[in-house]
Structures are given as C-alpha cells and as structure tokens.
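Structure file work-v1.txt; described as compact mmCIF, N, CA and C atoms.
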```txt
# COMPACT_ATOMS: atom_id res chain seq x y z
N MET A 167 110.49 101.10 56.64
CA MET A 167 109.23 100.67 57.21
C MET A 167 109.23 99.17 57.47
N GLU A 168 109.82 98.38 56.56
CA GLU A 168 109.88 96.93 56.73
C GLU A 168 110.61 96.57 58.02
N GLY A 169 111.70 97.27 58.33
CA GLY A 169 112.48 96.99 59.53
C GLY A 169 111.65 97.14 60.79
N ASN A 170 110.75 98.13 60.80
CA ASN A 170 109.91 98.37 61.97
C ASN A 170 108.95 97.21 62.22
N LYS A 171 108.59 96.47 61.17
CA LYS A 171 107.68 95.34 61.34
C LYS A 171 108.36 94.20 62.09
N ILE A 172 109.68 94.23 62.16
CA ILE A 172 110.42 93.21 62.89
C ILE A 172 111.06 93.78 64.15
N VAL A 173 111.66 94.97 64.04
CA VAL A 173 112.40 95.55 65.17
C VAL A 173 111.48 95.81 66.36
N LEU A 174 110.35 96.44 66.13
CA LEU A 174 109.44 96.74 67.24
C LEU A 174 108.91 95.47 67.91
N PRO A 175 108.48 94.47 67.14
CA PRO A 175 108.08 93.21 67.80
C PRO A 175 109.23 92.54 68.57
N ILE A 176 110.45 92.63 68.06
CA ILE A 176 111.59 92.05 68.79
C ILE A 176 111.78 92.76 70.12
N LEU A 177 111.80 94.08 70.08
CA LEU A 177 111.99 94.85 71.31
C LEU A 177 110.84 94.61 72.30
N GLY A 178 109.63 94.59 71.78
CA GLY A 178 108.48 94.34 72.64
C GLY A 178 108.50 92.94 73.24
N ALA A 179 108.89 91.97 72.42
CA ALA A 179 108.95 90.58 72.90
C ALA A 179 110.02 90.43 73.97
N LEU A 180 111.15 91.10 73.80
CA LEU A 180 112.20 91.04 74.82
C LEU A 180 111.72 91.70 76.12
N LEU A 181 111.03 92.80 75.99
CA LEU A 181 110.48 93.46 77.18
C LEU A 181 109.44 92.55 77.85
N ALA A 182 108.60 91.92 77.06
CA ALA A 182 107.61 90.98 77.60
C ALA A 182 108.31 89.82 78.31
N ALA A 183 109.43 89.37 77.76
CA ALA A 183 110.19 88.27 78.38
C ALA A 183 110.71 88.69 79.75
N VAL A 184 111.27 89.87 79.84
CA VAL A 184 111.80 90.36 81.12
C VAL A 184 110.66 90.55 82.12
N VAL A 185 109.58 91.17 81.68
CA VAL A 185 108.43 91.40 82.57
C VAL A 185 107.82 90.07 83.01
N GLY A 186 107.65 89.17 82.06
CA GLY A 186 107.08 87.85 82.39
C GLY A 186 107.96 87.07 83.34
N GLY A 187 109.27 87.09 83.09
CA GLY A 187 110.20 86.40 83.98
C GLY A 187 110.22 87.00 85.38
N ALA A 188 110.19 88.33 85.44
CA ALA A 188 110.18 89.01 86.74
C ALA A 188 108.87 88.74 87.49
N ALA A 189 107.76 88.72 86.76
CA ALA A 189 106.47 88.44 87.39
C ALA A 189 106.45 87.02 87.96
N TRP A 190 106.99 86.09 87.19
CA TRP A 190 107.04 84.70 87.65
C TRP A 190 107.86 84.59 88.94
N ALA A 191 109.03 85.22 88.94
CA ALA A 191 109.88 85.20 90.14
C ALA A 191 109.19 85.88 91.31
N ALA A 192 108.47 86.96 91.04
CA ALA A 192 107.75 87.66 92.12
C ALA A 192 106.67 86.76 92.71
N ILE A 193 105.99 86.01 91.86
CA ILE A 193 104.97 85.08 92.34
C ILE A 193 105.60 84.02 93.23
N VAL A 194 106.74 83.49 92.80
CA VAL A 194 107.45 82.50 93.62
C VAL A 194 107.88 83.12 94.94
N ALA A 195 108.41 84.34 94.90
CA ALA A 195 108.86 85.00 96.12
C ALA A 195 107.71 85.24 97.09
N LEU A 196 106.53 85.57 96.56
CA LEU A 196 105.38 85.87 97.42
C LEU A 196 104.69 84.62 97.96
N THR A 197 104.71 83.55 97.17
CA THR A 197 103.96 82.35 97.56
C THR A 197 104.83 81.20 98.03
N ASN A 198 106.14 81.30 97.79
CA ASN A 198 107.06 80.19 98.06
C ASN A 198 106.66 78.93 97.30
N TYR A 199 106.03 79.13 96.15
CA TYR A 199 105.59 78.01 95.33
C TYR A 199 105.75 78.40 93.86
N GLU A 200 106.32 77.49 93.09
CA GLU A 200 106.51 77.78 91.67
C GLU A 200 105.33 77.23 90.88
N LEU A 201 104.61 78.11 90.26
CA LEU A 201 103.45 77.73 89.46
C LEU A 201 103.89 77.61 87.99
N GLY A 202 103.88 76.40 87.48
CA GLY A 202 104.30 76.17 86.10
C GLY A 202 103.42 76.88 85.09
N ILE A 203 102.16 77.09 85.45
CA ILE A 203 101.24 77.74 84.52
C ILE A 203 101.71 79.16 84.19
N VAL A 204 102.50 79.75 85.06
CA VAL A 204 103.02 81.09 84.79
C VAL A 204 103.99 81.05 83.60
N ALA A 205 104.73 79.95 83.46
CA ALA A 205 105.60 79.80 82.29
C ALA A 205 104.77 79.81 81.02
N TRP A 206 103.63 79.15 81.07
CA TRP A 206 102.72 79.13 79.93
C TRP A 206 102.23 80.56 79.64
N ALA A 207 101.94 81.31 80.68
CA ALA A 207 101.50 82.69 80.53
C ALA A 207 102.60 83.56 79.91
N VAL A 208 103.85 83.26 80.22
CA VAL A 208 104.97 84.00 79.61
C VAL A 208 104.94 83.80 78.09
N GLY A 209 104.66 82.59 77.65
CA GLY A 209 104.53 82.33 76.22
C GLY A 209 103.38 83.11 75.61
N GLY A 210 102.26 83.16 76.32
CA GLY A 210 101.12 83.93 75.84
C GLY A 210 101.42 85.41 75.78
N LEU A 211 102.12 85.92 76.77
CA LEU A 211 102.48 87.34 76.80
C LEU A 211 103.40 87.68 75.62
N ALA A 212 104.36 86.82 75.36
CA ALA A 212 105.27 87.06 74.23
C ALA A 212 104.51 87.04 72.91
N GLY A 213 103.65 86.05 72.73
CA GLY A 213 102.87 85.95 71.49
C GLY A 213 101.94 87.13 71.30
N PHE A 214 101.26 87.52 72.36
CA PHE A 214 100.34 88.65 72.31
C PHE A 214 101.08 89.95 71.96
N THR A 215 102.21 90.16 72.62
CA THR A 215 102.99 91.38 72.39
C THR A 215 103.48 91.46 70.95
N VAL A 216 103.99 90.35 70.44
CA VAL A 216 104.46 90.33 69.05
C VAL A 216 103.30 90.63 68.09
N ALA A 217 102.15 90.02 68.32
CA ALA A 217 101.00 90.24 67.45
C ALA A 217 100.57 91.70 67.45
N LYS A 218 100.51 92.29 68.62
CA LYS A 218 100.09 93.70 68.71
C LYS A 218 101.09 94.64 68.04
N LEU A 219 102.38 94.39 68.27
CA LEU A 219 103.39 95.30 67.73
C LEU A 219 103.65 95.08 66.24
N ALA A 220 103.23 93.96 65.72
CA ALA A 220 103.34 93.71 64.28
C ALA A 220 102.06 94.13 63.57
N ASN A 221 101.19 94.79 64.29
CA ASN A 221 99.89 95.20 63.74
C ASN A 221 99.15 94.04 63.11
N LYS A 222 99.29 92.88 63.74
CA LYS A 222 98.61 91.65 63.33
C LYS A 222 98.97 91.21 61.90
N GLN A 223 100.08 91.76 61.37
CA GLN A 223 100.60 91.30 60.07
C GLN A 223 101.73 90.33 60.38
N ILE A 224 101.35 89.08 60.63
CA ILE A 224 102.26 88.09 61.20
C ILE A 224 102.89 87.22 60.11
N SER A 225 104.20 87.06 60.26
CA SER A 225 104.94 86.12 59.41
C SER A 225 105.54 85.05 60.32
N ALA A 226 106.15 84.06 59.72
CA ALA A 226 106.82 83.02 60.50
C ALA A 226 107.92 83.63 61.36
N ALA A 227 108.56 84.70 60.86
CA ALA A 227 109.62 85.37 61.64
C ALA A 227 109.05 85.92 62.94
N HIS A 228 107.84 86.46 62.89
CA HIS A 228 107.21 86.97 64.11
C HIS A 228 106.93 85.84 65.09
N GLN A 229 106.52 84.72 64.58
CA GLN A 229 106.24 83.58 65.45
C GLN A 229 107.52 83.07 66.10
N VAL A 230 108.60 83.06 65.34
CA VAL A 230 109.90 82.64 65.90
C VAL A 230 110.33 83.62 66.98
N ILE A 231 110.13 84.91 66.75
CA ILE A 231 110.47 85.93 67.75
C ILE A 231 109.70 85.67 69.04
N ALA A 232 108.41 85.37 68.92
CA ALA A 232 107.58 85.11 70.10
C ALA A 232 108.07 83.87 70.85
N VAL A 233 108.44 82.82 70.10
CA VAL A 233 108.93 81.59 70.74
C VAL A 233 110.24 81.85 71.47
N ILE A 234 111.17 82.52 70.81
CA ILE A 234 112.46 82.80 71.44
C ILE A 234 112.26 83.67 72.68
N ALA A 235 111.39 84.68 72.58
CA ALA A 235 111.13 85.54 73.73
C ALA A 235 110.50 84.76 74.87
N SER A 236 109.61 83.83 74.56
CA SER A 236 109.00 83.05 75.64
C SER A 236 110.05 82.19 76.35
N LEU A 237 110.97 81.62 75.58
CA LEU A 237 112.05 80.82 76.19
C LEU A 237 112.98 81.69 77.03
N ILE A 238 113.27 82.88 76.54
CA ILE A 238 114.09 83.82 77.31
C ILE A 238 113.37 84.20 78.60
N GLY A 239 112.08 84.48 78.51
CA GLY A 239 111.30 84.84 79.69
C GLY A 239 111.27 83.73 80.73
N ILE A 240 111.12 82.49 80.28
CA ILE A 240 111.12 81.35 81.19
C ILE A 240 112.49 81.20 81.84
N LEU A 241 113.53 81.31 81.04
CA LEU A 241 114.89 81.23 81.57
C LEU A 241 115.15 82.34 82.59
N LEU A 242 114.72 83.55 82.27
CA LEU A 242 114.88 84.67 83.21
C LEU A 242 114.07 84.44 84.48
N GLY A 243 112.86 83.91 84.33
CA GLY A 243 112.04 83.61 85.50
C GLY A 243 112.73 82.65 86.44
N LYS A 244 113.31 81.60 85.86
CA LYS A 244 114.06 80.63 86.68
C LYS A 244 115.28 81.30 87.32
N TYR A 245 116.00 82.09 86.53
CA TYR A 245 117.20 82.76 87.04
C TYR A 245 116.85 83.75 88.16
N PHE A 246 115.83 84.59 87.92
CA PHE A 246 115.43 85.56 88.94
C PHE A 246 114.99 84.85 90.22
N THR A 247 114.31 83.72 90.05
CA THR A 247 113.86 82.94 91.22
C THR A 247 115.06 82.42 92.00
N VAL A 248 116.02 81.84 91.30
CA VAL A 248 117.23 81.34 91.98
C VAL A 248 117.94 82.48 92.68
N GLY A 249 118.06 83.61 92.00
CA GLY A 249 118.73 84.77 92.60
C GLY A 249 118.04 85.24 93.85
N TYR A 250 116.73 85.30 93.80
CA TYR A 250 115.98 85.74 94.97
C TYR A 250 116.08 84.73 96.11
N LEU A 251 115.85 83.47 95.81
CA LEU A 251 115.86 82.46 96.86
C LEU A 251 117.26 82.25 97.45
N TYR A 252 118.28 82.37 96.62
CA TYR A 252 119.65 82.14 97.08
C TYR A 252 120.11 83.24 98.03
N THR A 253 119.75 84.48 97.71
CA THR A 253 120.22 85.61 98.51
C THR A 253 119.13 86.21 99.39
N GLU A 254 117.88 85.75 99.20
CA GLU A 254 116.73 86.27 99.92
C GLU A 254 116.55 87.78 99.72
N SER A 255 116.89 88.24 98.52
CA SER A 255 116.66 89.65 98.18
C SER A 255 116.61 89.79 96.66
N ILE A 256 115.95 90.82 96.21
CA ILE A 256 115.85 91.08 94.78
C ILE A 256 117.21 91.40 94.19
N SER A 257 118.04 92.07 94.96
CA SER A 257 119.37 92.42 94.45
C SER A 257 120.22 91.18 94.20
N GLY A 258 119.77 90.03 94.70
CA GLY A 258 120.49 88.78 94.50
C GLY A 258 120.65 88.39 93.04
N ILE A 259 119.77 88.89 92.20
CA ILE A 259 119.88 88.51 90.79
C ILE A 259 121.15 89.08 90.15
N PHE A 260 121.74 90.07 90.79
CA PHE A 260 122.96 90.67 90.26
C PHE A 260 124.23 90.10 90.89
N ASP A 261 124.08 89.17 91.79
CA ASP A 261 125.21 88.55 92.48
C ASP A 261 125.89 87.55 91.54
N SER A 262 127.20 87.68 91.36
CA SER A 262 127.92 86.78 90.45
C SER A 262 127.87 85.33 90.92
N GLU A 263 127.76 85.13 92.20
CA GLU A 263 127.67 83.78 92.74
C GLU A 263 126.37 83.10 92.30
N VAL A 264 125.33 83.89 92.12
CA VAL A 264 124.03 83.35 91.69
C VAL A 264 124.16 82.74 90.29
N MET A 265 124.90 83.39 89.42
CA MET A 265 125.09 82.84 88.07
C MET A 265 125.77 81.48 88.15
N THR A 266 126.74 81.35 89.01
CA THR A 266 127.43 80.06 89.18
C THR A 266 126.47 79.01 89.71
N VAL A 267 125.68 79.35 90.72
CA VAL A 267 124.71 78.42 91.28
C VAL A 267 123.68 78.04 90.21
N PHE A 268 123.25 79.01 89.44
CA PHE A 268 122.26 78.76 88.38
C PHE A 268 122.82 77.78 87.35
N LYS A 269 124.04 78.02 86.90
CA LYS A 269 124.67 77.13 85.92
C LYS A 269 124.86 75.72 86.48
N GLU A 270 125.32 75.63 87.70
CA GLU A 270 125.60 74.33 88.31
C GLU A 270 124.34 73.50 88.54
N ASN A 271 123.22 74.17 88.74
CA ASN A 271 121.97 73.48 89.04
C ASN A 271 120.96 73.55 87.90
N PHE A 272 121.42 73.95 86.74
CA PHE A 272 120.53 74.19 85.61
C PHE A 272 119.62 73.00 85.32
N SER A 273 120.18 71.82 85.20
CA SER A 273 119.36 70.65 84.84
C SER A 273 118.36 70.30 85.93
N GLU A 274 118.68 70.61 87.17
CA GLU A 274 117.77 70.33 88.27
C GLU A 274 116.60 71.31 88.32
N LEU A 275 116.75 72.45 87.66
CA LEU A 275 115.71 73.48 87.68
C LEU A 275 114.58 73.16 86.72
N PHE A 276 114.80 72.22 85.82
CA PHE A 276 113.81 71.90 84.81
C PHE A 276 113.40 70.44 84.92
N LYS A 277 112.35 70.20 85.68
CA LYS A 277 111.80 68.86 85.89
C LYS A 277 110.75 68.58 84.81
N ALA A 278 110.16 67.39 84.87
CA ALA A 278 109.19 66.97 83.86
C ALA A 278 108.04 67.96 83.69
N MET A 279 107.46 68.42 84.79
CA MET A 279 106.34 69.36 84.69
C MET A 279 106.78 70.70 84.12
N ASP A 280 108.02 71.09 84.41
CA ASP A 280 108.54 72.32 83.81
C ASP A 280 108.58 72.18 82.29
N ILE A 281 109.01 71.03 81.83
CA ILE A 281 109.10 70.78 80.38
C ILE A 281 107.71 70.84 79.76
N VAL A 282 106.72 70.28 80.44
CA VAL A 282 105.34 70.33 79.93
C VAL A 282 104.90 71.77 79.75
N PHE A 283 105.13 72.61 80.75
CA PHE A 283 104.70 74.00 80.66
C PHE A 283 105.55 74.79 79.65
N ILE A 284 106.80 74.42 79.49
CA ILE A 284 107.63 75.07 78.46
C ILE A 284 107.09 74.74 77.08
N VAL A 285 106.72 73.49 76.86
CA VAL A 285 106.14 73.10 75.56
C VAL A 285 104.84 73.87 75.32
N LEU A 286 104.00 73.98 76.35
CA LEU A 286 102.77 74.75 76.22
C LEU A 286 103.07 76.22 75.92
N ALA A 287 104.08 76.78 76.58
CA ALA A 287 104.45 78.18 76.35
C ALA A 287 104.93 78.38 74.92
N VAL A 288 105.76 77.48 74.45
CA VAL A 288 106.28 77.58 73.07
C VAL A 288 105.15 77.45 72.06
N ALA A 289 104.27 76.47 72.28
CA ALA A 289 103.14 76.29 71.36
C ALA A 289 102.24 77.52 71.34
N THR A 290 102.00 78.09 72.51
CA THR A 290 101.17 79.29 72.59
C THR A 290 101.85 80.47 71.93
N ALA A 291 103.13 80.65 72.20
CA ALA A 291 103.88 81.75 71.58
C ALA A 291 103.89 81.62 70.06
N TRP A 292 103.93 80.41 69.56
CA TRP A 292 103.94 80.17 68.12
C TRP A 292 102.55 80.43 67.51
N GLN A 293 101.52 79.93 68.15
CA GLN A 293 100.17 79.98 67.56
C GLN A 293 99.43 81.28 67.79
N LEU A 294 99.61 81.90 68.94
CA LEU A 294 98.81 83.07 69.30
C LEU A 294 98.94 84.24 68.32
N PRO A 295 100.14 84.62 67.89
CA PRO A 295 100.21 85.75 66.94
C PRO A 295 99.40 85.49 65.67
N ARG A 296 99.49 84.28 65.13
CA ARG A 296 98.77 83.93 63.91
C ARG A 296 97.26 83.93 64.16
N LYS A 297 96.85 83.39 65.30
CA LYS A 297 95.41 83.37 65.63
C LYS A 297 94.86 84.78 65.79
N LEU A 298 95.62 85.65 66.45
CA LEU A 298 95.17 87.03 66.62
C LEU A 298 95.10 87.75 65.28
N ALA A 299 96.04 87.47 64.40
CA ALA A 299 96.03 88.08 63.07
C ALA A 299 94.84 87.57 62.26
N ASN A 300 94.58 86.28 62.34
CA ASN A 300 93.46 85.69 61.60
C ASN A 300 92.12 86.17 62.15
N LYS A 301 92.07 86.41 63.45
CA LYS A 301 90.84 86.89 64.07
C LYS A 301 90.49 88.29 63.54
N ALA A 302 91.51 89.10 63.28
CA ALA A 302 91.28 90.46 62.78
C ALA A 302 90.95 90.45 61.29
N THR A 303 91.48 89.48 60.56
CA THR A 303 91.32 89.44 59.11
C THR A 303 89.90 89.14 58.64
N PRO A 304 89.18 88.16 59.19
CA PRO A 304 87.86 87.85 58.67
C PRO A 304 86.89 89.02 58.70
N ALA A 305 86.97 89.88 59.69
CA ALA A 305 86.08 91.04 59.75
C ALA A 305 86.29 91.93 58.54
N ALA A 306 87.54 92.09 58.13
CA ALA A 306 87.83 92.91 56.96
C ALA A 306 87.31 92.22 55.70
N ASP A 307 87.45 90.89 55.62
CA ASP A 307 86.97 90.15 54.46
C ASP A 307 85.46 90.22 54.36
N THR A 308 84.75 90.14 55.48
CA THR A 308 83.30 90.18 55.50
C THR A 308 82.81 91.54 55.01
N THR A 309 83.51 92.60 55.43
CA THR A 309 83.14 93.94 55.02
C THR A 309 83.28 94.08 53.52
N GLN A 310 84.38 93.57 52.99
CA GLN A 310 84.60 93.66 51.54
C GLN A 310 83.56 92.84 50.78
N ALA A 311 83.21 91.67 51.30
CA ALA A 311 82.24 90.81 50.62
C ALA A 311 80.86 91.46 50.60
N ALA A 312 80.54 92.24 51.62
CA ALA A 312 79.24 92.89 51.70
C ALA A 312 79.13 94.03 50.72
N GLU A 313 80.27 94.59 50.34
CA GLU A 313 80.23 95.73 49.42
C GLU A 313 79.99 95.29 48.05
```

Please render this file's structure as structure tokens.
Amino acid sequence: MEGNKIVLPILGALLAAVVGGAAWAAIVALTNYELGIVAWAVGGLAGFTVAKLANKQISAAHQVIAVIASLIGILLGKYFTVGYLYTESISGIFDSEVMTVFKENFSELFKAMDIVFIVLAVATAWQLPRKLANKATPAADTTQAAE
C-alpha cells in the first residue's frame, strides 16, 4: 500500500508532464506565439495531479515528484515546439534531426522570461500539493473539534 502512495503520483505526474508539454506546444502551433504562462500552468498541473493521486497525504517526496514532473513537462513543451516548428508537422517530434537541433539550440530556447516562468512553475509544483492537502485537513479537524 505504501508503494501506491508514491507510484501512482509518479505515473500521474509523468502523464501530466506529457499532456502539459503537448498542450503548450499545441498552443504555440496554433498561435505562433509562446506563452510563458503555460509553463507555469504545467507546474500547477503537475502539483494538482500529485495531490489528487496521493489522496492529499503529501510528503516532501510528493512535492519533489511534482517539481521534477513540471520540469519534464516544460522540457517536453520546448522539445515538442521545436519539433513542430522545425518540420511543420506533429510527426516532427520523432525526427532524429530535431533532437540534434534541440540540443544545439538548448541554451537559446531558455531566455530570461522563460526562467521566470520556470521558477514560478517549480514554486507552484512544490507548494500546491501541500496547500491542497492542508485545505482538506482543517475541515476534518473542525469536525473532530465539534464532537
């Protein structure tokens, strides 16, 4: 049972990272504009998913999982975007040449504003699971105090 408290949040966080990264790339593909706030949302999605799948019984390990997943989601979002823009198709993300282009231009893909939104995503991924857990806890404490 203990393993499920970590395994399910890990799997969910990884799925959230892929979905968040893909959504970010889709937004870029549709608008031809990269919205940094979407990176922040990827952090929120990872934190929310971890909190829900851990049944709001959050430990520091869960927070670390959410942070790592948010970083993976942001990295995937950037990679999917490069793949799409480089080949002008979704299948471009599977092109081996895209990986080379991504690696060669990695530092150029993360400008100052990107770093700001990454920091916001990490902070949100770290804090949100704990806040959601604490939000659920006081109601239970109030009920017990009333009895």

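Distances here use only C-alpha atoms; by that measure, the residue among A:Val173, A:Ala192, A:Leu180, A:Leu237 closest to Gly249 in chain A is A:Ala192.
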
Padding 3 Å on every side, please: axis-aligned box over the listed atoms of range 249-256 of chain A, centre and edge lengths to one decimal in Å, as lines of an AutoDock Vina configuration file.
```
center_x = 118.0
center_y = 86.8
center_z = 96.0
size_x = 10.4
size_y = 15.3
size_z = 13.9
```

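Between Ile172 in chain A and the candidates A:Leu201, A:Val264, A:Leu211, A:Ile224, the tightest atom-to-atom separation, counting only C-alpha atoms, involves A:Ile224.
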
Minimum-distance residue to Val285 in chain A, chosen among A:Leu174, A:Ala217, A:Ala299, A:Ala205 (using only N, CA and C atoms) = A:Ala205

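Taking atom C of Val230 in chain A and atom C of Glu270 in chain A as the two end points, the separation is 27.6 Å.
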